[in-house]
>>> print(open('query_22.txt').read())   # compact mmCIF, C-alpha atoms
# COMPACT_ATOMS: atom_id res chain seq x y z
CA MET A 24 0.00 0.00 0.00
CA ARG A 25 1.31 3.45 -0.87
CA ALA A 26 0.74 6.07 1.80
CA ASP A 27 -0.66 9.46 0.84
CA GLU A 28 0.42 12.91 2.00
CA ALA A 29 -2.06 13.09 4.87
CA THR A 30 -1.07 9.67 6.21
CA LEU A 31 2.66 10.43 5.98
CA ALA A 32 2.18 13.76 7.73
CA ARG A 33 0.22 12.11 10.53
CA LEU A 34 2.86 9.39 10.94
CA MET A 35 5.64 11.99 10.99
CA ALA A 36 3.87 14.07 13.63
CA LEU A 37 3.54 10.94 15.80
CA SER A 38 7.19 10.07 15.12
CA GLN A 39 8.34 13.48 16.32
CA GLN A 40 6.58 12.66 19.58
CA GLY A 41 8.52 9.39 19.86
CA ASP A 42 5.90 6.88 18.58
CA ARG A 43 8.07 4.00 17.31
CA GLN A 44 5.24 2.07 15.66
CA ALA A 45 4.31 5.12 13.60
CA TYR A 46 7.97 5.75 12.83
CA ALA A 47 8.50 2.22 11.52
CA ALA A 48 5.47 2.61 9.23
CA LEU A 49 6.71 6.03 8.13
CA LEU A 50 10.21 4.82 7.27
CA GLU A 51 8.82 1.85 5.34
CA SER A 52 6.62 4.17 3.30
CA CYS A 53 9.43 6.66 2.80
CA GLN A 54 11.76 3.92 1.66
CA ARG A 55 9.31 2.87 -1.05
CA TRP A 56 8.67 6.47 -2.01
CA LEU A 57 12.39 7.25 -2.24
CA ARG A 58 13.06 4.21 -4.43
CA GLY A 59 10.47 5.49 -6.88
CA TYR A 60 11.69 9.05 -6.56
CA TYR A 61 15.31 8.21 -7.34
CA SER A 62 14.66 5.59 -10.00
CA ARG A 63 15.84 6.68 -13.44
CA ARG A 64 17.83 9.44 -11.76
CA ILE A 65 20.62 7.39 -10.24
CA ALA A 66 22.65 4.37 -11.31
CA PRO A 67 20.80 1.25 -10.04
CA SER A 68 23.90 0.12 -8.17
CA SER A 69 23.81 3.32 -6.11
CA LEU A 70 20.09 3.26 -5.37
CA ASP A 71 20.27 1.32 -2.08
CA ASP A 72 23.04 3.51 -0.70
CA LEU A 73 21.27 6.72 -1.64
CA VAL A 74 17.94 5.57 -0.17
CA GLN A 75 19.67 4.61 3.07
CA GLU A 76 21.59 7.90 3.22
CA THR A 77 18.33 9.77 2.78
CA LEU A 78 16.58 7.74 5.49
CA ILE A 79 19.42 8.58 7.87
CA ALA A 80 19.10 12.26 6.91
CA LEU A 81 15.36 12.07 7.52
CA HIS A 82 16.09 10.61 10.96
CA THR A 83 18.74 13.14 12.01
CA LYS A 84 16.86 16.14 10.61
CA ARG A 85 13.32 15.13 11.61
CA ALA A 86 12.98 18.19 13.86
CA SER A 87 13.16 20.41 10.76
CA TRP A 88 9.66 19.34 9.67
CA ASP A 89 6.79 21.39 11.03
CA ALA A 90 3.44 19.62 11.44
CA THR A 91 1.64 22.67 10.03
CA ARG A 92 3.35 22.15 6.67
CA PRO A 93 3.04 19.38 4.05
CA PHE A 94 5.32 16.38 4.43
CA LEU A 95 6.26 15.34 0.89
CA PRO A 96 7.78 18.71 -0.18
CA TRP A 97 9.94 18.47 2.97
CA LEU A 98 11.00 14.92 2.19
CA ALA A 99 11.66 15.90 -1.43
CA ALA A 100 13.95 18.76 -0.33
CA ILE A 101 15.92 16.32 1.86
CA ALA A 102 16.02 13.80 -1.01
CA ARG A 103 17.13 16.38 -3.58
CA TYR A 104 19.91 17.57 -1.27
CA ARG A 105 21.21 14.04 -0.81
CA TRP A 106 20.87 13.34 -4.52
CA VAL A 107 22.86 16.41 -5.59
CA ASP A 108 25.46 15.60 -2.93
CA HIS A 109 25.64 12.05 -4.26
CA LEU A 110 26.11 13.26 -7.85
CA ARG A 111 28.88 15.57 -6.71
CA ARG A 112 30.72 12.71 -5.02
CA LEU A 113 30.27 10.39 -7.94
CA TYR A 114 33.04 10.25 -10.50
CA ARG A 115 31.73 7.42 -12.53
CA ALA A 116 28.84 5.05 -12.04
CA ASP A 117 29.25 1.36 -12.82
CA GLU A 118 25.92 0.88 -14.47
CA HIS A 119 25.04 1.98 -17.97
CA GLU A 120 21.41 1.04 -18.07
CA LEU A 121 18.54 2.70 -16.35
CA HIS A 122 15.68 0.93 -14.66
CA GLU A 123 12.29 2.03 -15.80
CA GLU A 124 10.34 2.31 -12.56
CA LEU A 125 7.34 4.34 -11.70
CA LEU A 126 7.63 7.55 -9.76
CA GLY A 127 6.26 6.84 -6.31
CA THR A 128 3.45 9.34 -6.02
CA ASP A 129 1.27 8.68 -9.02
CA ASP A 130 -1.76 9.01 -6.75
CA GLU A 131 -0.88 12.71 -6.28
CA PRO A 132 0.43 13.67 -9.72
CA ALA A 133 0.36 17.42 -9.15
CA ILE A 134 2.58 17.24 -6.07
CA ALA A 135 4.80 14.59 -7.67
CA ALA A 136 5.38 16.74 -10.73
CA ARG A 137 6.30 19.82 -8.69
CA ILE A 138 8.79 18.09 -6.43
CA SER A 139 10.28 15.62 -8.92
CA LEU A 140 13.96 15.38 -9.80
CA ASP A 141 13.02 15.71 -13.48
CA ARG A 142 11.60 19.14 -12.74
CA LEU A 143 14.80 20.14 -10.96
CA LEU A 144 16.98 18.86 -13.81
CA GLY A 145 14.69 20.62 -16.29
CA LEU A 146 15.64 23.96 -14.74
CA LEU A 147 19.18 23.54 -16.08
CA PRO A 148 20.29 24.70 -19.52
CA PRO A 149 19.96 21.71 -21.90
CA ALA A 150 23.73 21.26 -22.36
CA GLN A 151 24.33 21.04 -18.60
CA GLU A 152 21.35 18.73 -18.06
CA ARG A 153 22.57 16.40 -20.84
CA ALA A 154 26.15 16.30 -19.52
CA ILE A 155 25.01 15.46 -15.99
CA ALA A 156 22.50 12.86 -17.17
CA LEU A 157 25.04 11.07 -19.34
CA VAL A 158 28.05 11.11 -17.00
CA LYS A 159 26.64 11.29 -13.46
CA ILE A 160 23.45 9.29 -13.91
CA GLU A 161 24.00 6.94 -16.85
CA GLY A 162 27.67 6.43 -16.04
CA LEU A 163 29.26 7.29 -19.38
CA SER A 164 32.86 8.43 -19.43
CA ILE A 165 33.70 12.03 -20.29
CA ALA A 166 34.94 10.89 -23.70
CA GLU A 167 31.75 8.92 -24.37
CA ALA A 168 29.58 11.85 -23.29
CA SER A 169 31.64 14.13 -25.52
CA ALA A 170 31.05 11.87 -28.50
CA ALA A 171 27.34 11.56 -27.71
CA THR A 172 26.71 15.27 -27.35
CA GLY A 173 29.20 16.80 -29.75
CA GLN A 174 30.62 18.89 -26.88
CA SER A 175 34.37 18.91 -26.33
CA GLU A 176 35.59 16.92 -23.31
CA SER A 177 36.52 20.09 -21.44
CA LEU A 178 33.09 21.57 -22.17
CA VAL A 179 31.41 18.41 -20.81
CA LYS A 180 33.41 18.83 -17.58
CA VAL A 181 32.55 22.53 -17.36
CA ASN A 182 28.87 21.81 -17.95
CA ILE A 183 28.85 19.14 -15.24
CA HIS A 184 30.58 21.45 -12.78
CA ARG A 185 28.30 24.40 -13.51
CA GLY A 186 25.20 22.23 -13.63
CA LEU A 187 25.85 20.62 -10.24
CA LYS A 188 26.56 24.02 -8.72
CA ARG A 189 23.30 25.34 -10.12
CA LEU A 190 21.37 22.26 -8.96
CA ALA A 191 22.72 22.73 -5.44
CA ALA A 192 21.43 26.29 -5.41
CA MET A 193 17.95 25.28 -6.63
CA ILE A 194 17.13 22.35 -4.37
CA GLU A 195 14.04 23.97 -2.86
CA LYS A 196 12.90 25.53 -6.13
CA GLU A 197 9.66 24.28 -7.66
CA MET B 15 26.12 6.23 11.65
CA THR B 16 27.45 3.00 10.11
CA MET B 17 25.38 1.93 7.14
CA PRO B 18 23.60 -1.41 7.77
CA GLN B 19 23.66 -3.97 4.97
CA ASN B 20 20.04 -3.51 3.97
CA SER B 21 17.29 -0.96 4.38
CA ASP B 22 15.19 -3.14 6.71
CA ALA B 23 18.10 -3.40 9.17
CA LEU B 24 18.65 0.35 8.90
CA ILE B 25 14.98 1.09 9.56
CA ALA B 26 15.01 -1.22 12.60
CA GLU B 27 18.09 0.61 13.89
CA LEU B 28 16.57 4.06 13.33
CA VAL B 29 13.28 3.05 14.98
CA ASP B 30 15.17 1.64 17.93
CA GLY B 31 17.03 4.95 18.36
CA LEU B 32 13.95 7.16 18.06
CA GLU B 33 13.62 9.91 20.65
CA PRO B 34 10.97 12.64 20.74
CA VAL B 35 12.10 15.88 19.09
CA LYS B 36 10.84 19.42 19.34
CA PRO B 37 10.06 20.74 15.84
CA LEU B 38 11.83 23.92 14.76
CA ARG B 39 9.27 26.72 14.78
CA LEU B 40 9.64 29.89 12.73
CA GLY B 41 8.58 32.11 15.61
CA GLU B 42 10.95 30.43 18.03
CA GLY B 43 13.94 30.92 15.75
CA VAL B 44 13.16 34.58 15.10
CA ALA B 45 12.48 35.20 18.80
CA LEU B 46 15.83 33.62 19.70
CA ALA B 47 17.67 36.01 17.37
CA LEU B 48 15.68 38.98 18.68
CA VAL B 49 16.53 38.11 22.28
CA ALA B 50 20.22 37.79 21.36
CA ALA B 51 20.08 41.15 19.54
CA GLY B 52 18.36 42.71 22.55
CA VAL B 53 20.98 41.36 24.95
CA THR B 54 23.73 42.72 22.69
CA ALA B 55 22.08 46.13 22.44
CA LEU B 56 21.68 46.24 26.22
CA ALA B 57 25.34 45.28 26.69
CA VAL B 58 26.45 48.06 24.32
CA ALA B 59 24.30 50.61 26.16
CA LEU B 60 25.55 49.51 29.59
CA LEU B 61 29.22 49.12 28.67
CA PHE B 62 29.71 52.10 26.36
CA GLY B 63 26.69 54.30 27.02
CA LEU B 64 23.87 55.51 24.77
CA ARG B 65 24.34 58.31 22.24
CA GLU B 66 24.80 61.61 23.97
CA GLU B 67 22.26 63.38 21.73
CA TRP B 68 19.54 60.94 22.81
CA LEU B 69 20.29 61.65 26.44
CA ALA B 70 19.93 65.36 25.59
CA GLY B 71 16.54 64.65 23.99
CA HIS B 72 17.61 65.20 20.37
CA LEU B 73 16.88 62.74 17.54
CA ASP B 74 18.75 62.90 14.25
CA PRO B 75 16.70 61.91 11.14
CA MET B 76 19.72 60.43 9.31
CA GLN B 77 20.54 58.23 12.27
CA LEU B 78 16.93 57.07 12.63
CA VAL B 79 16.56 56.23 8.94
CA SER B 80 19.87 54.36 8.71
CA THR B 81 19.32 52.44 11.94
CA GLY B 82 15.83 51.52 10.76
CA LEU B 83 17.16 50.23 7.45
CA PHE B 84 19.76 48.06 9.18
CA LEU B 85 17.14 46.75 11.59
CA GLY B 86 14.81 45.93 8.68
CA LEU B 87 17.61 44.10 6.91
CA ALA B 88 18.46 42.21 10.10
CA LEU B 89 14.86 41.08 10.57
CA ALA B 90 14.39 40.06 6.93
CA ALA B 91 17.66 38.12 6.87
CA THR B 92 16.88 36.43 10.18
CA VAL B 93 13.49 35.23 8.93
CA THR B 94 15.22 33.90 5.80
CA VAL B 95 17.79 31.99 7.87
CA VAL B 96 15.06 30.38 9.97
CA VAL B 97 13.09 29.49 6.82
CA MET B 98 16.27 27.92 5.40
CA SER B 99 16.56 25.68 8.45
CA ARG B 100 13.24 24.03 7.54
CA PRO B 101 13.61 22.79 3.96
CA GLN B 102 10.70 22.43 1.61
CA VAL B 103 10.45 22.34 -2.16
CA GLY B 104 8.73 25.62 -2.96
CA ASN B 105 10.36 27.71 -0.22
CA ASP B 106 11.41 31.22 -1.19
CA HIS B 107 14.72 32.46 0.22
CA GLY B 108 14.85 35.77 -1.63
CA GLY B 109 12.88 38.11 0.61
CA TRP B 110 15.92 39.50 2.40
CA ARG B 111 17.35 40.78 -0.89
CA TRP B 112 14.75 43.54 -1.06
CA ALA B 113 15.74 44.74 2.40
CA ALA B 114 19.41 44.52 1.36
CA ALA B 115 18.68 46.55 -1.80
CA MET B 116 17.03 49.27 0.28
CA ALA B 117 19.89 49.33 2.80
CA GLY B 118 22.27 49.38 -0.17
CA PHE B 119 21.31 53.01 -0.79
CA LEU B 120 23.28 53.94 2.34
CA PRO B 121 26.74 52.98 0.99
CA LEU B 122 25.75 54.31 -2.42
CA ALA B 123 24.90 57.71 -0.93
CA GLY B 124 28.03 57.52 1.23
CA VAL B 125 30.25 56.96 -1.81
CA ILE B 126 28.65 59.79 -3.77
CA VAL B 127 29.03 62.27 -0.91
CA ALA B 128 32.58 61.06 -0.17
CA LEU B 129 33.59 61.62 -3.80
CA ALA B 130 32.10 65.10 -3.72
CA ARG B 131 33.95 65.98 -0.52
CA GLY B 132 37.29 64.66 -1.63
CA ALA B 133 40.34 63.95 0.53
CA GLU B 134 38.80 64.89 3.88
CA THR B 135 36.82 61.61 3.88
CA ILE B 136 40.02 59.56 4.12
CA SER B 137 41.80 61.52 6.83
CA PRO B 138 43.47 59.36 9.52
CA GLU B 139 40.98 60.50 12.16
CA VAL B 140 37.98 59.64 9.97
CA MET B 141 39.50 56.27 9.09
CA ARG B 142 40.28 55.47 12.72
CA HIS B 143 36.75 56.29 13.86
CA GLY B 144 35.32 54.29 10.96
CA ALA B 145 37.46 51.27 11.77
CA GLU B 146 36.27 51.43 15.38
CA CYS B 147 32.65 51.22 14.25
CA LEU B 148 33.47 48.40 11.83
CA ALA B 149 35.16 46.42 14.61
CA GLY B 150 32.49 47.30 17.18
CA GLY B 151 29.62 46.39 14.87
CA SER B 152 31.28 43.12 13.91
CA ALA B 153 31.95 42.24 17.55
CA ALA B 154 28.37 43.09 18.49
CA SER B 155 27.12 40.65 15.85
CA LEU B 156 28.82 37.59 17.31
CA LEU B 157 26.09 36.48 19.73
CA VAL B 158 23.38 36.55 17.03
CA PHE B 159 25.81 34.91 14.62
CA ALA B 160 26.55 32.04 16.99
CA LEU B 161 22.90 31.42 17.83
CA LEU B 162 21.82 31.42 14.18
CA VAL B 163 24.58 28.93 13.34
CA LEU B 164 23.43 26.69 16.18
CA TRP B 165 19.86 26.98 14.90
CA LEU B 166 20.95 26.03 11.38
CA ARG B 167 22.85 23.03 12.77
CA ARG B 168 19.60 21.81 14.32
CA GLY B 169 17.84 22.31 10.98
CA ALA B 170 18.50 21.05 7.47
CA PRO B 171 19.62 23.92 5.22
CA THR B 172 19.88 22.71 1.65
CA SER B 173 22.05 25.61 0.52
CA PRO B 174 24.80 25.95 3.15
CA GLU B 175 26.69 28.65 1.23
CA ARG B 176 23.66 30.90 0.90
CA ALA B 177 22.62 30.18 4.48
CA GLY B 178 26.09 31.20 5.65
CA LEU B 179 25.97 34.46 3.73
CA VAL B 180 22.51 35.39 5.01
CA THR B 181 23.46 34.42 8.56
CA GLY B 182 26.41 36.81 8.39
CA VAL B 183 24.26 39.60 6.96
CA ALA B 184 21.60 39.13 9.66
CA ALA B 185 24.17 39.10 12.44
CA GLY B 186 26.13 42.01 10.97
CA ALA B 187 22.99 44.14 10.58
CA PHE B 188 21.92 43.42 14.15
CA GLY B 189 25.49 44.14 15.29
CA ILE B 190 25.73 47.53 13.63
CA PHE B 191 22.23 48.34 14.88
CA ALA B 192 23.50 47.73 18.43
CA ALA B 193 26.72 49.68 17.79
CA SER B 194 24.63 52.59 16.44
CA LEU B 195 23.12 53.01 19.88
CA HIS B 196 26.54 54.28 20.98
CA CYS B 197 28.12 55.76 17.83
CA ALA B 198 27.39 59.50 17.79
CA ASP B 199 28.38 60.09 14.16
CA ASN B 200 25.38 60.95 11.97
CA ASP B 201 27.37 61.64 8.82
CA ILE B 202 26.17 59.73 5.75
CA VAL B 203 29.73 58.97 4.67
CA HIS B 204 30.53 57.36 8.01
CA ILE B 205 27.25 55.44 8.23
CA GLY B 206 27.10 54.55 4.53
CA LEU B 207 30.64 53.28 4.30
CA TRP B 208 31.75 52.05 7.71
CA HIS B 209 28.48 50.85 9.19
CA SER B 210 27.59 49.08 5.96
CA ALA B 211 31.09 47.59 5.91
CA ALA B 212 30.30 45.72 9.13
CA VAL B 213 27.33 44.03 7.43
CA VAL B 214 29.37 43.19 4.33
CA ALA B 215 32.28 41.90 6.41
CA MET B 216 30.07 39.63 8.49
CA GLY B 217 28.33 38.43 5.32
CA LEU B 218 31.71 37.40 3.93
CA VAL B 219 32.71 35.78 7.22
CA GLY B 220 29.43 33.85 7.26
CA ARG B 221 29.84 32.78 3.64
CA ALA B 222 33.38 31.55 4.35
CA LEU B 223 32.93 29.89 7.75
CA VAL B 224 29.34 28.77 8.19
CA PRO B 225 28.93 26.20 5.37
CA ARG B 226 31.45 23.81 6.93
CA LEU B 227 29.66 24.13 10.29
CA ILE B 228 26.17 23.36 8.99
CA ARG B 229 26.70 20.90 6.15
CA TRP B 230 24.88 17.63 6.73
>>> encode(input="query_22.txt", output="structure tokens")
Amino acid sequence: MRADEATLARLMALSQQGDRQAYAALLESCQRWLRGYYSRRIAPSSLDDLVQETLIALHTKRASWDATRPFLPWLAAIARYRWVDHLRRLYRADEHELHEELLGTDDEPAIAARISLDRLLGLLPPAQERAIALVKIEGLSIAEASAATGQSESLVKVNIHRGLKRLAAMIEKE
Amino acid sequence: MTMPQNSDALIAELVDGLEPVKPLRLGEGVALALVAAGVTALAVALLFGLREEWLAGHLDPMQLVSTGLFLGLALAATVTVVVMSRPQVGNDHGGWRWAAAMAGFLPLAGVIVALARGAETISPEVMRHGAECLAGGSAASLLVFALLVLWLRRGAPTSPERAGLVTGVAAGAFGIFAASLHCADNDIVHIGLWHSAAVVAMGLVGRALVPRLIRW
């Protein structure tokens, strides 16, 4: 069963009060949601690590959610931060193929579209978005990305650097 | 935290370590900064004394306008810092820029008047007095600065560099506001250049130091 915004918010409010049963249900739901959220936007071999890193971030930063505000945009901001941080640390992914999985919140398409990683990537200039997608997400080498895009190798590197910097500055942007 | 081998083990570990937490409230964060600014202002008044003209019952319009602009900037930047501690896709962190743009007219006016006056604006006496206000305003910002950094460490700022800059601006503006309670110089060149310099300096300090303290 996929939890909706209202259920997640209620579970989180209980979790902030120390309710372990609610917290276990919340983390299970968040884990499923994060797997969908990150799919197609991270090399499959990195997915488990990134989901776990984000769950730990959720745990350590749980006081930063306010019960008067929606839960999923908060979780998405945490997830985007971890994702950009992961891309920055990544020099080359092992996997070359992407898993086609569904984004986790198809029952709330309007919210899902606003907080998605695709929307964040779409805010980048096309050349930067392409360079990051090919090298940081699909795992191509700089030379392969250069050949695929027609950009010089140095331009691919510049576009990745500038794109990641811009992504980091836009994490909370809709 | 050491990463368990699978997510189920991690979730069990996190659930086991769950403790109640007090959510970060916007009002609480702003109130904390205001209390720190108030304590600083009180300390300046007690240690160095209030402006002599105030004690004589005289109020200078230039001083009131400039102090008000710095206070407005301090409040706007503080609210932005507290908002940054509570991440959410859709948050707006740009409100403080309008206050900064308005306060930016002070150094602009100071530069124009200084250019018109010429060499007298860089006399050793003027420079010494200006440097005193720069140092005093920066020192008076440290309590607010420290508390805002601690607040950010409790929160989850997704843009540590920007949060550091705005923290420095908020603290610097509160600091020069407190220092203005003592500084008796109402000249636009002094206020526009040296008082504004305290805000800029603390903004740079915040941008350089804070990110490494709040990154998560």
>>> atom_distance(input="query_22.txt", atom1="CA of Ala187 (chain B)", atom2="CA of Ala113 (chain B)")
10.9 Å
>>> residues_around(input="query_22.txt", residues="Val213 (chain B)", least_positions_apart="5", cutoff="9 Å", atoms="all atoms listed in the file", output="PyMOL selection string")
chain B and resi 84+148+151-152+182-190+218
>>> residues_near_point(input="query_22.txt", point="(14.4, 37.6, 1.1)", cutoff="7 Å", atoms="all atoms listed in the file", output="PDB file with C-alpha atoms, in the coordinates of the input")
ATOM      1  CA  ALA B  90      14.390  40.060   6.930  1.00  0.00           C
ATOM      2  CA  ALA B  91      17.660  38.120   6.870  1.00  0.00           C
ATOM      3  CA  THR B  94      15.220  33.900   5.800  1.00  0.00           C
ATOM      4  CA  HIS B 107      14.720  32.460   0.220  1.00  0.00           C
ATOM      5  CA  GLY B 108      14.850  35.770  -1.630  1.00  0.00           C
ATOM      6  CA  GLY B 109      12.880  38.110   0.610  1.00  0.00           C
ATOM      7  CA  TRP B 110      15.920  39.500   2.400  1.00  0.00           C
ATOM      8  CA  ARG B 111      17.350  40.780  -0.890  1.00  0.00           C
ATOM      9  CA  TRP B 112      14.750  43.540  -1.060  1.00  0.00           C
TER      10      TRP B 112
END
>>> atom_distance(input="query_22.txt", atom1="CA of Gly220 (chain B)", atom2="CA of Ala50 (chain B)")
17.3 Å
>>> closest_residue(input="query_22.txt", among="A:Leu178, A:Leu49, A:Ala192, A:Ile79", to="Ala177 (chain B)", atoms="only C-alpha atoms")
A:Ala192
